[in-house]
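Content type mmCIF, C-alpha atoms, from the file final.cif:
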```cif
data_my_file
loop_
_atom_site.label_atom_id
_atom_site.label_comp_id
_atom_site.auth_asym_id
_atom_site.auth_seq_id
_atom_site.Cartn_x
_atom_site.Cartn_y
_atom_site.Cartn_z
CA MET A 482 -8.39 -13.12 37.46
CA GLN A 483 -5.87 -15.26 35.59
CA THR A 484 -7.32 -16.33 32.26
CA ARG A 485 -4.35 -17.50 30.20
CA LYS A 486 -5.07 -21.12 29.33
CA THR A 487 -3.85 -23.14 26.40
CA TYR A 488 -6.39 -24.86 24.19
CA SER A 489 -5.17 -28.23 25.48
CA GLN A 490 -6.04 -27.05 28.99
CA VAL A 491 -9.45 -25.89 27.79
CA ALA A 492 -10.04 -29.27 26.19
CA GLU A 493 -9.14 -31.01 29.45
CA LEU A 494 -11.50 -28.71 31.36
CA ALA A 495 -14.29 -29.51 28.91
CA ARG A 496 -13.62 -33.24 29.29
CA ILE A 497 -13.83 -33.08 33.08
CA LEU A 498 -16.94 -30.91 33.08
CA ALA A 499 -18.57 -33.27 30.62
CA LEU A 500 -18.22 -36.03 33.20
CA VAL A 501 -19.90 -33.79 35.75
CA VAL A 502 -22.72 -32.99 33.32
CA LEU A 503 -23.55 -36.68 32.87
CA GLY A 504 -24.98 -36.70 36.38
CA THR A 505 -24.00 -40.34 36.93
CA GLY A 506 -20.79 -42.00 37.94
CA PHE A 507 -19.29 -38.88 39.46
CA MET A 508 -15.54 -39.11 39.73
CA SER A 509 -13.93 -39.20 43.14
CA ILE A 510 -10.86 -37.09 42.46
CA VAL A 511 -8.32 -36.87 45.23
CA PRO A 512 -6.37 -33.62 45.67
CA THR A 513 -2.62 -33.70 45.16
CA ALA A 514 -0.59 -35.19 47.97
CA SER A 515 0.71 -31.81 49.09
CA ALA A 516 -2.88 -30.60 49.55
CA GLN A 517 -4.12 -33.56 51.61
CA ASN A 518 -4.51 -33.32 55.37
CA ALA A 519 -3.27 -29.74 55.39
CA ASN A 520 -3.73 -28.13 58.81
CA GLU A 521 -3.16 -24.60 57.57
CA PRO A 522 -4.70 -22.89 54.54
CA GLN A 523 -2.41 -23.00 51.54
CA LEU A 524 -1.63 -19.75 49.76
CA ILE A 525 -2.92 -19.60 46.20
CA ASP A 526 -1.03 -17.22 43.98
CA ASP A 527 -3.08 -14.58 42.18
CA SER A 528 -1.80 -16.00 38.89
CA GLN A 529 -3.70 -19.22 39.69
CA LEU A 530 -7.02 -17.58 40.60
CA GLN A 531 -9.53 -18.02 37.82
CA ALA A 532 -13.27 -17.36 37.86
CA LEU A 533 -15.34 -20.01 36.13
CA SER A 534 -18.90 -21.27 36.07
CA THR A 535 -20.36 -24.33 34.42
CA THR A 536 -23.61 -26.19 33.86
CA VAL A 537 -24.85 -29.48 35.23
CA GLY A 538 -27.21 -31.85 33.47
CA GLY A 539 -29.75 -30.84 30.85
CA ALA A 540 -33.21 -31.92 29.77
CA SER A 541 -35.71 -31.54 26.98
CA VAL A 542 -39.15 -30.15 27.77
CA LEU A 543 -42.64 -30.34 26.31
CA PRO A 544 -45.51 -27.88 26.75
CA THR A 545 -46.94 -30.29 29.33
CA THR A 546 -43.71 -30.66 31.33
CA ARG A 547 -44.03 -29.76 35.01
CA THR A 548 -41.35 -27.15 35.45
CA ILE A 549 -40.85 -23.39 35.67
CA PRO A 550 -42.83 -21.02 33.38
CA HIS A 551 -40.93 -20.66 30.12
CA TRP A 552 -41.30 -19.86 26.45
CA TRP A 553 -39.77 -21.05 23.18
CA GLY A 554 -38.45 -18.81 20.43
CA SER A 555 -36.16 -18.98 17.42
CA THR A 556 -33.85 -16.57 15.62
CA LEU A 557 -32.07 -16.72 12.28
CA ASP A 558 -28.33 -16.18 12.61
CA PRO A 559 -27.50 -14.23 9.42
CA HIS A 560 -23.81 -15.12 9.69
CA ASN A 561 -24.24 -18.87 9.12
CA GLY A 562 -27.85 -19.01 7.92
CA ILE A 563 -28.95 -21.32 10.75
CA THR A 564 -32.11 -20.74 12.76
CA TYR A 565 -31.53 -21.46 16.43
CA GLY A 566 -34.33 -22.36 18.82
CA TYR A 567 -34.19 -21.64 22.55
CA ASN A 568 -36.18 -21.82 25.76
CA MET A 569 -36.19 -18.89 28.19
CA VAL A 570 -37.85 -18.27 31.55
CA GLY A 571 -40.95 -16.11 31.90
CA ALA A 572 -43.41 -14.85 29.28
CA ASN A 573 -42.73 -14.56 25.57
CA PRO A 574 -41.96 -10.85 25.06
CA ASN A 575 -43.01 -11.10 21.41
CA THR A 576 -46.53 -12.44 21.98
CA CYS A 577 -47.65 -11.86 25.57
CA SER A 578 -50.26 -9.27 26.48
CA GLY A 579 -51.62 -7.65 29.60
CA SER A 580 -50.99 -9.24 32.95
CA ASP A 581 -49.70 -12.41 31.29
CA CYS A 582 -46.47 -10.53 30.52
CA SER A 583 -45.54 -10.44 34.21
CA VAL A 584 -44.30 -13.76 35.59
CA THR A 585 -43.27 -14.45 39.17
CA ILE A 586 -41.02 -17.43 39.93
CA GLU A 587 -40.89 -18.90 43.41
CA ALA A 588 -37.21 -18.99 44.36
CA ASP A 589 -36.51 -21.44 47.19
CA ILE A 590 -33.32 -20.30 48.90
CA ILE A 591 -31.39 -22.98 50.77
CA PRO A 592 -28.34 -21.81 52.76
CA LEU A 593 -25.62 -24.45 52.91
CA ILE A 594 -23.44 -24.85 55.99
CA VAL A 595 -20.13 -26.31 54.85
CA ASN A 596 -17.69 -27.88 57.31
CA ILE A 597 -14.17 -28.46 56.03
CA ASP A 598 -10.81 -28.91 57.78
CA GLY A 599 -12.13 -27.62 61.10
CA LEU A 600 -13.71 -24.44 59.67
CA THR A 601 -17.37 -23.68 58.97
CA PHE A 602 -18.54 -21.59 56.02
CA SER A 603 -22.19 -20.84 56.66
CA GLY A 604 -24.66 -19.70 54.03
CA ASN A 605 -26.75 -18.32 56.90
CA ASP A 606 -24.10 -15.64 57.41
CA ILE A 607 -24.72 -14.13 53.98
CA LEU A 608 -28.46 -14.82 53.74
CA ALA A 609 -29.70 -11.41 54.90
CA ALA A 610 -27.20 -9.58 52.68
CA THR A 611 -28.25 -11.70 49.70
CA LEU A 612 -31.93 -10.96 50.26
CA ALA A 613 -31.11 -7.24 50.53
CA SER A 614 -29.04 -7.38 47.34
CA PRO A 615 -30.19 -6.28 43.87
CA GLN A 616 -31.00 -9.90 43.08
CA PHE A 617 -34.13 -9.66 45.24
CA ALA A 618 -34.44 -6.04 46.44
CA LEU A 619 -35.63 -3.19 44.21
CA ASN A 620 -33.28 -0.62 42.70
CA ASP A 621 -33.30 2.05 40.01
CA TYR A 622 -31.19 0.86 37.05
CA GLY A 623 -31.12 4.22 35.30
CA THR A 624 -27.56 4.87 36.45
CA THR A 625 -24.67 3.26 38.27
CA PRO A 626 -21.95 5.03 40.29
CA PHE A 627 -19.14 2.70 39.14
CA ALA A 628 -18.49 0.17 36.42
CA THR A 629 -15.62 -1.89 35.07
CA ALA A 630 -13.10 0.44 33.45
CA SER A 631 -11.26 0.26 30.19
CA SER A 632 -7.80 -1.27 30.47
CA THR A 633 -4.87 -2.18 28.30
CA SER A 634 -5.48 -5.78 29.38
CA THR A 635 -8.66 -7.80 28.91
CA THR A 636 -7.89 -9.64 32.15
CA SER A 637 -7.35 -6.65 34.45
CA VAL A 638 -10.89 -5.19 34.70
CA PRO A 639 -10.42 -2.50 37.38
CA ARG A 640 -13.07 -0.06 38.65
CA GLY A 641 -13.94 3.01 36.62
CA ALA A 642 -16.57 5.71 36.43
CA GLY A 643 -20.19 4.72 36.11
CA GLY A 644 -22.92 6.65 34.31
CA THR A 645 -26.15 5.93 32.48
CA LEU A 646 -27.06 2.26 32.62
CA SER A 647 -30.60 1.30 31.52
CA GLN A 648 -31.78 4.78 30.63
CA GLN A 649 -35.31 3.75 29.66
CA ASP A 650 -35.90 2.17 33.06
CA ALA A 651 -34.75 5.24 34.99
CA GLY A 652 -37.21 5.95 37.78
CA TYR A 653 -38.52 2.36 37.91
CA HIS A 654 -37.57 0.16 40.84
CA LEU A 655 -36.80 -3.37 39.73
CA GLN A 656 -35.03 -6.55 40.69
CA LEU A 657 -31.78 -7.22 38.87
CA GLN A 658 -32.99 -10.07 36.66
CA ASP A 659 -36.19 -8.20 35.87
CA ALA A 660 -34.15 -5.18 34.72
CA THR A 661 -31.88 -7.48 32.69
CA MET A 662 -34.69 -9.25 30.83
CA ARG A 663 -36.56 -6.01 30.19
CA ALA A 664 -33.45 -4.46 28.64
CA GLN A 665 -32.69 -7.60 26.64
CA PHE A 666 -36.05 -7.39 24.85
CA ASN A 667 -36.57 -3.61 24.98
CA LYS A 668 -39.55 -3.97 27.31
CA THR A 669 -38.54 -1.04 29.50
CA GLY A 670 -40.25 2.01 30.97
CA ALA A 671 -44.01 1.61 31.35
CA SER A 672 -43.95 -1.93 29.90
CA ASN A 673 -45.82 -4.50 31.95
CA TYR A 674 -43.20 -7.12 31.05
CA HIS A 675 -41.55 -8.53 34.19
CA LEU A 676 -39.65 -11.57 35.44
CA ILE A 677 -39.79 -11.47 39.24
CA LEU A 678 -38.16 -13.78 41.80
CA HIS A 679 -40.13 -14.31 45.00
CA PRO A 680 -37.70 -15.59 47.65
CA ASN A 681 -38.72 -18.33 50.09
CA VAL A 682 -36.08 -19.15 52.69
CA LEU A 683 -35.91 -22.87 53.45
CA PRO A 684 -34.03 -24.59 56.29
CA ALA A 685 -30.27 -24.67 55.98
CA VAL A 686 -28.53 -27.90 54.99
CA THR A 687 -25.17 -28.99 56.45
CA ILE A 688 -22.54 -30.55 54.20
CA ASN A 689 -19.43 -32.13 55.70
CA VAL A 690 -16.55 -32.28 53.24
CA PRO A 691 -14.26 -35.35 53.52
CA ASN A 692 -10.54 -34.73 53.81
CA ASN A 693 -9.92 -36.14 50.34
CA GLN A 694 -12.47 -33.88 48.63
CA GLY A 695 -11.35 -30.39 49.57
CA VAL A 696 -8.81 -28.11 51.23
CA LEU A 697 -8.54 -24.60 52.61
CA LEU A 698 -6.84 -21.95 50.50
CA LYS A 699 -5.86 -18.37 51.26
CA SER A 700 -5.75 -15.48 48.82
CA GLY A 701 -2.89 -13.02 48.56
CA ARG A 702 -4.94 -10.61 50.66
CA GLY A 703 -5.32 -13.16 53.42
CA VAL A 704 -8.93 -14.29 52.85
CA VAL A 705 -9.43 -17.99 53.64
CA PHE A 706 -11.88 -19.97 51.53
CA ALA A 707 -12.91 -23.57 50.89
CA ASP A 708 -11.69 -25.27 47.73
CA ILE A 709 -13.76 -28.37 47.01
CA ASN A 710 -13.65 -30.96 44.23
CA ILE A 711 -16.25 -30.02 41.60
CA SER A 712 -17.42 -33.56 40.86
CA TRP A 713 -18.02 -34.36 44.53
CA TRP A 714 -19.77 -31.02 45.11
CA ALA A 715 -22.03 -31.34 42.06
CA ALA A 716 -23.15 -34.73 43.32
CA GLN A 717 -24.12 -33.22 46.68
CA ILE A 718 -26.20 -30.52 44.99
CA GLN A 719 -27.93 -33.00 42.72
CA ASN A 720 -28.75 -35.20 45.70
CA LEU A 721 -30.57 -32.26 47.27
CA GLU A 722 -32.70 -31.91 44.14
CA THR A 723 -34.82 -34.90 45.14
CA GLN A 724 -36.56 -32.61 47.66
CA ALA A 725 -37.21 -29.69 45.30
CA ASP A 726 -40.41 -28.46 43.64
CA PRO A 727 -39.95 -28.52 39.83
CA THR A 728 -42.12 -25.43 39.40
CA HIS A 729 -39.77 -23.46 41.70
CA LEU A 730 -36.14 -22.42 41.33
CA PRO A 731 -33.99 -23.82 44.18
CA ILE A 732 -30.99 -21.56 44.87
CA TYR A 733 -28.23 -23.07 47.00
CA LEU A 734 -26.18 -20.38 48.72
CA THR A 735 -22.68 -20.71 50.13
CA GLU A 736 -20.11 -18.28 51.44
CA ASN A 737 -16.51 -18.53 50.23
CA VAL A 738 -16.99 -22.06 48.90
CA LEU A 739 -15.21 -22.41 45.56
CA LEU A 740 -14.42 -25.49 43.48
CA HIS A 741 -11.35 -26.99 41.85
CA ILE A 742 -11.31 -29.09 38.69
CA GLY A 743 -9.36 -32.33 38.46
CA GLN A 744 -6.64 -33.44 40.84
CA ASN A 745 -4.87 -30.12 41.24
CA VAL A 746 -6.47 -28.04 44.01
CA PHE A 747 -4.93 -24.94 42.44
CA ASN A 748 -6.92 -25.51 39.23
CA CYS A 749 -9.37 -23.11 40.78
CA CYS A 750 -12.02 -21.77 40.92
CA VAL A 751 -15.59 -22.47 39.85
CA ILE A 752 -17.78 -19.96 41.70
CA GLY A 753 -21.22 -21.18 40.62
CA PHE A 754 -23.26 -23.34 38.29
CA HIS A 755 -26.83 -23.78 37.18
CA GLY A 756 -28.39 -26.97 35.94
CA THR A 757 -31.36 -29.13 35.11
CA ARG A 758 -32.34 -32.67 35.80
CA ALA A 759 -35.30 -34.82 34.86
CA VAL A 760 -36.99 -36.17 37.98
CA GLY A 761 -37.93 -39.80 38.43
CA TYR A 762 -36.55 -43.30 38.12
CA GLY A 763 -33.21 -43.40 36.36
CA GLY A 764 -33.11 -39.60 36.06
CA GLY A 765 -36.44 -39.35 34.21
CA SER A 766 -40.12 -39.74 35.00
CA ASN A 767 -41.87 -43.01 34.15
CA ASN A 768 -45.58 -43.20 33.30
CA SER A 769 -45.78 -39.41 33.19
CA ASN A 770 -48.30 -39.25 30.33
CA GLY A 771 -46.36 -36.31 28.92
CA ASN A 772 -46.40 -34.48 32.26
CA ALA A 773 -42.85 -35.24 33.35
CA LYS A 774 -41.03 -33.18 35.96
CA VAL A 775 -37.94 -31.21 35.00
CA GLN A 776 -36.10 -29.51 37.85
CA THR A 777 -33.94 -26.43 37.31
CA PHE A 778 -31.55 -25.22 40.02
CA ALA A 779 -28.60 -22.95 40.74
CA TRP A 780 -25.70 -22.92 43.15
CA ALA A 781 -23.65 -19.79 43.69
CA SER A 782 -21.12 -18.72 46.27
CA TRP A 783 -20.94 -15.33 47.90
CA VAL A 784 -17.40 -14.13 47.21
CA GLN A 785 -15.78 -12.15 50.01
CA PRO A 786 -13.91 -8.99 49.02
CA GLY A 787 -10.22 -9.75 48.82
CA ILE A 788 -10.42 -13.21 47.33
CA TYR A 789 -10.35 -11.85 43.79
CA ALA A 790 -10.90 -8.11 44.16
CA ARG A 791 -7.65 -6.22 44.56
CA PRO A 792 -7.52 -3.20 46.86
CA ASP A 793 -8.82 0.26 46.02
CA GLY A 794 -10.81 -0.65 42.94
CA GLY A 795 -7.98 -2.58 41.33
CA ARG A 796 -7.95 -5.75 39.28
CA ASP A 797 -11.10 -7.90 39.41
CA TRP A 798 -12.86 -5.10 41.30
CA ALA A 799 -16.37 -6.40 40.46
CA LEU A 800 -15.66 -10.01 41.38
CA GLN A 801 -17.12 -9.96 44.87
CA ASP A 802 -20.38 -10.52 46.84
CA ILE A 803 -23.28 -11.44 44.44
CA HIS A 804 -21.23 -11.50 41.23
CA ALA A 805 -21.51 -15.29 40.96
CA LEU A 806 -25.19 -15.33 41.93
CA SER A 807 -26.10 -12.71 39.33
CA HIS A 808 -24.18 -14.73 36.73
CA GLU A 809 -26.03 -17.97 37.47
CA ILE A 810 -29.51 -16.44 37.72
CA ALA A 811 -29.07 -14.63 34.39
CA GLU A 812 -27.85 -17.81 32.71
CA TRP A 813 -30.70 -19.82 34.21
CA ALA A 814 -33.20 -17.28 32.82
CA ASP A 815 -31.80 -17.44 29.27
CA ASP A 816 -30.91 -21.16 29.23
CA PRO A 817 -33.00 -22.85 31.93
CA PHE A 818 -32.77 -26.38 30.58
CA VAL A 819 -29.11 -26.21 29.55
CA ASN A 820 -29.82 -26.99 25.91
CA ASN A 821 -29.78 -23.64 24.08
CA SER A 822 -27.16 -23.89 21.33
CA VAL A 823 -25.74 -21.01 19.30
CA GLU A 824 -23.05 -20.46 16.70
CA PRO A 825 -19.70 -20.99 18.51
CA TRP A 826 -18.13 -17.85 19.92
CA LEU A 827 -14.82 -16.87 21.46
CA THR A 828 -13.90 -13.69 23.31
CA PRO A 829 -10.57 -12.41 24.66
CA THR A 830 -12.33 -11.32 27.86
CA ALA A 831 -12.99 -14.95 28.81
CA PRO A 832 -10.55 -17.30 27.04
CA GLN A 833 -10.98 -19.82 29.86
CA TYR A 834 -14.22 -20.95 28.16
CA GLY A 835 -12.50 -21.62 24.86
CA CYS A 836 -14.69 -21.93 21.78
CA SER A 837 -18.21 -22.21 23.17
CA GLY A 838 -21.43 -23.09 21.38
CA ILE A 839 -23.87 -22.52 24.24
CA LEU A 840 -26.06 -19.56 25.12
CA GLU A 841 -24.54 -18.76 28.50
CA THR A 842 -25.02 -15.04 29.01
CA GLY A 843 -22.51 -14.56 31.82
CA ASP A 844 -19.53 -16.48 30.50
CA PRO A 845 -18.19 -13.85 28.07
CA VAL A 846 -18.30 -11.10 30.73
CA VAL A 847 -16.98 -12.78 33.89
CA ALA A 848 -15.49 -10.13 36.22
CA ILE A 849 -17.09 -7.28 34.23
CA GLY A 850 -19.75 -5.55 36.29
CA PHE A 851 -21.15 -2.46 37.94
CA ALA A 852 -22.10 -1.08 41.35
CA MET A 853 -25.68 -1.16 42.62
CA GLY A 854 -27.42 -0.90 46.00
CA THR A 855 -25.87 -0.61 49.44
CA ASN A 856 -23.92 -3.52 50.90
CA THR A 857 -23.10 -3.50 54.61
CA LEU A 858 -21.65 -7.03 54.94
CA GLU A 859 -17.88 -7.61 55.08
CA GLN A 860 -17.07 -3.99 54.33
CA GLY A 861 -14.03 -3.75 56.58
CA PRO A 862 -10.43 -4.20 55.48
CA ASN A 863 -9.00 -7.42 54.14
CA PRO A 864 -7.05 -9.58 56.60
CA ASP A 865 -3.80 -8.03 55.34
CA GLY A 866 -5.11 -4.52 56.06
CA THR A 867 -5.84 -3.50 52.47
CA GLN A 868 -9.34 -2.43 51.39
CA SER A 869 -11.26 -4.17 48.58
CA ALA A 870 -14.85 -3.56 49.73
CA ASP A 871 -16.51 -0.31 48.67
CA GLY A 872 -20.04 -0.35 50.11
CA TYR A 873 -21.83 -1.55 46.97
CA TYR A 874 -23.05 -4.82 45.51
CA HIS A 875 -21.35 -5.90 42.28
CA PRO A 876 -23.69 -7.55 39.75
CA GLU A 877 -22.12 -8.95 36.62
CA ASP A 878 -22.82 -7.52 33.18
CA GLU A 879 -24.85 -9.93 31.00
CA VAL A 880 -24.65 -10.60 27.27
CA PHE A 881 -27.92 -10.41 25.34
CA LEU A 882 -29.42 -12.80 22.79
CA PRO A 883 -28.64 -10.61 19.72
CA TRP A 884 -24.90 -10.83 20.47
CA PHE A 885 -24.99 -14.61 20.19
CA MET A 886 -27.28 -14.47 17.13
CA ARG A 887 -24.98 -12.03 15.25
CA LEU A 888 -27.80 -9.51 14.75
CA ALA A 889 -26.73 -6.16 13.30
CA PRO A 890 -28.58 -3.93 13.54
CA ASN A 891 -29.97 -5.10 16.84
CA ASN A 892 -33.66 -4.19 16.93
CA VAL A 893 -34.36 -6.56 19.81
CA SER A 894 -32.73 -4.97 22.86
CA GLU A 895 -32.83 -1.62 24.58
CA PRO A 896 -30.99 1.01 22.52
CA THR A 897 -27.47 1.94 23.51
CA GLN A 898 -27.06 4.95 25.78
CA SER A 899 -25.73 6.99 22.85
CA GLY A 900 -26.76 6.53 19.23
CA SER A 901 -24.99 3.73 17.37
CA ALA A 902 -25.12 2.05 13.97
CA ASN A 903 -26.17 -1.21 15.58
CA ILE A 904 -29.02 0.54 17.46
CA GLY A 905 -29.50 -1.90 20.35
CA ARG A 906 -27.02 -2.85 23.05
CA TYR A 907 -25.41 -6.26 23.21
CA THR A 908 -25.01 -6.34 27.00
CA LEU A 909 -26.89 -4.85 29.93
CA MET A 910 -24.12 -2.31 30.51
CA GLY A 911 -24.18 -1.20 26.89
CA ASP A 912 -21.81 1.71 26.30
CA ILE A 913 -20.22 1.44 29.73
CA ASN A 914 -18.90 -2.06 29.05
CA PRO A 915 -15.35 -1.04 28.09
CA PHE A 916 -14.55 -3.85 25.65
CA SER A 917 -15.12 -3.26 21.93
CA GLY A 918 -16.18 -6.88 21.36
CA PHE A 919 -19.49 -6.11 23.07
CA ARG A 920 -20.34 -3.16 20.84
CA LYS A 921 -20.88 -5.55 17.93
CA PRO A 922 -22.09 -9.14 17.55
CA ALA A 923 -20.04 -12.15 18.59
CA THR A 924 -17.26 -13.39 16.39
CA GLY A 925 -16.31 -16.95 15.63
CA CYS A 926 -13.50 -19.11 16.91
CA ILE A 927 -11.10 -18.82 13.96
#
```
Target format structure tokens, applied to this file:
Amino acid sequence: MQTRKTYSQVAELARILALVVLGTGFMSIVPTASAQNANEPQLIDDSQLQALSTTVGGASVLPTTRTIPHWWGSTLDPHNGITYGYNMVGANPNTCSGSDCSVTIEADIIPLIVNIDGLTFSGNDILAATLASPQFALNDYGTTPFATASSTSTTSVPRGAGGTLSQQDAGYHLQLQDATMRAQFNKTGASNYHLILHPNVLPAVTINVPNNQGVLLKSGRGVVFADINISWWAAQIQNLETQADPTHLPIYLTENVLLHIGQNVFNCCVIGFHGTRAVGYGGGSNNSNGNAKVQTFAWASWVQPGIYARPDGGRDWALQDIHALSHEIAEWADDPFVNNSVEPWLTPTAPQYGCSGILETGDPVVAIGFAMGTNTLEQGPNPDGTQSADGYYHPEDEVFLPWFMRLAPNNVSEPTQSGSANIGRYTLMGDINPFSGFRKPATGCI
């Protein structure tokens, strides 16, 4: 994953994404002339392959808002003395009791069939594997066989040995996001605290991409994927939201559909986003009597081995299959309405996000992950004969609230696997995240 971007480039990315976030007047950006009407997939150099996610929209909520179950909390950041408020999905781990601590969200899964330049990328092809993945199936998070390894480079992130993961949940079979939230708030073991996704598969939707809104690209390992303009794609997803239930989470699934930003098709790739929109006339509900609808949603692409992941556990090993989906679901859970602000942070593991002031749990740890479950889809060699698949799913690590809030010691999250001065872990992987910046709270942008 190439992550070297100048701050001027980051500023331009932020400007373009801000236009997407507005939800109105989406730009119609035409790919560069060399990319238009291409009959054969263009080769994208590994140095140009990035992995990004973003957010779309945003809305304020009231206790009477018709939306997903959520709770509000606040934490004092001792570094700057500011108390930050935030909404999160599920039950309040600090006040809930009994059966009220377990919340089930209806997740409406919509496969997208994408036609572009004579090829079809069908979300139906990865539906069964997604449902069988840790995102929805049950697994024991006590250990993992492999995890991102330490490296001399913060952008290499190869495969390394696994080990103890969420030691207090060993022996319990959980969904991925359930295990993540339980560890984040130290509600592990026999705790009745749960955040469960109940999948409902809805009919697939076909999207035909115009010639001026996307191209086909090919990775250095020969994997062909769609590369679509982000503004055009975001508009398509938001158009689908008119059919959604605001008390459910719609999840739009694609296979090998990635997005480019701006006019350059090689300014790639966004692999997922989550968002929120108010429902009703003009983007909000009229005459709602305080009972307005606010719709949350997520789009994520299944990433075939060999787009990012180098052979034999090499660079970007964890950036395949459900990596993007796990990223978006975790960020949706911790920032469902895209309005949770924190003290700005910057990390060398994800410089492509620049100096960020939002509570997006996956952004600092893009491409850092671990192995879980058994994956049988697309496990053969890459088109060039090399082997990137390894038989596992590859969830992303997730950063916890105390990291953003600069809490040390961290008495909020599950303790680290081995004793530490800060007590609690700052990411789900804890000690097995190889980067020192996640063994202490976030640092600022200066």
Residue members of the PyMOL selection byres ((chain A and resi 695) around 6) in the file shown, as a compact mmCIF listing (two decimals) with C-alpha atoms, keeping the file's coordinate frame:
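Resulting contents of result.txt:
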```txt
# COMPACT_ATOMS: atom_id res chain seq x y z
CA ASN A 693 -9.92 -36.14 50.34
CA GLN A 694 -12.47 -33.88 48.63
CA VAL A 696 -8.81 -28.11 51.23
CA ASP A 708 -11.69 -25.27 47.73
CA ILE A 709 -13.76 -28.37 47.01
CA ASN A 710 -13.65 -30.96 44.23
```
* Compare A:Gly670, A:Gly701, A:Pro876, A:Pro883 by their minimum atom-to-atom distance to Glu824 (chain A), counting all atoms listed in the file, and give me the closest one. => A:Pro883
* Asked: Could you state the separation of CA of Pro786 (chain A) and CA of Leu533 (chain A) in Å, given to one decimal place?
  -> 17.0 Å
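For the set A:Val595, A:Val880, A:Arg640, A:Thr536, the residue with the smallest atom-to-atom gap to Gln719 (chain A) is A:Thr536, counting only C-alpha atoms.
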What's around Met569 (chain A) at 6 Å? Count all atoms listed in the file, leave out sequence neighbours fewer than 2 positions away in its own chain, and write the answer as a PDB file with C-alpha atoms, keeping the file's coordinate frame.
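Here's the written file out_39.pdb:
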```pdb
ATOM      1  CA  HIS A 551     -40.930 -20.660  30.120  1.00  0.00           C
ATOM      2  CA  TRP A 552     -41.300 -19.860  26.450  1.00  0.00           C
ATOM      3  CA  ALA A 814     -33.200 -17.280  32.820  1.00  0.00           C
ATOM      4  CA  ASP A 815     -31.800 -17.440  29.270  1.00  0.00           C
ATOM      5  CA  ASP A 816     -30.910 -21.160  29.230  1.00  0.00           C
TER       6      ASP A 816
END
```
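Between CA of Ser647 (chain A) and CA of Gly623 (chain A) there is a distance of 4.8 Å.
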* On this structure, which residues satisfy the PyMOL selection byres ((chain A and resi 840-850) around 7), written as a list in words? -> Ala628, Thr629, Val638, Asp797, Ala799, Leu800, His808, Ala811, Glu812, Asp816, Asn821, Ser822, Val823, Thr828, Thr830, Ala831, Gly838, Ile839, Phe851, His875, Pro876, Glu877, Asp878, Glu879, Val880 and Phe881 of chain A
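Excluding Gly562 (chain A) itself and any same-chain residue fewer than 3 positions from it, the protein and nucleic acid residues within 12 Å of it, counting all atoms listed in the file, are Thr556, Leu557, Asp558, Pro559, Tyr565, Val823, Glu824, Met886, Arg887 and Leu888 of chain A.
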* For CA of Trp783 (chain A) and CA of Asp802 (chain A), determine how far apart the two atoms are, in Å to one decimal place. => 5.0 Å
* Kindly resolve the PyMOL selection byres ((chain A and resi 679) around 12) on the present coordinates and return the residues as an MDAnalysis selection string. => chainID A and resid 584:590 612 616:618 656 658:659 676:678 680:682 729:732
* With all atoms listed in the file as the atoms that count, which of A:Thr777, A:Asn573, A:Thr661, A:Thr624 lies nearest to Gly643 (chain A)? -> A:Thr624
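Each of A:Gln785, A:Asn892, A:Thr757, A:Asn745 was compared to Asp871 (chain A) using only C-alpha atoms, and A:Gln785 turns out to be the nearest.
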* To do: Identify, on the basis of only C-alpha atoms, every residue whose closest approach to Pro544 (chain A) does not exceed 12 Å; exclude the query and any residue fewer than 4 positions from it along the same chain; express the result as a ChimeraX atom specification.
  => /A:548-553,568,771-775
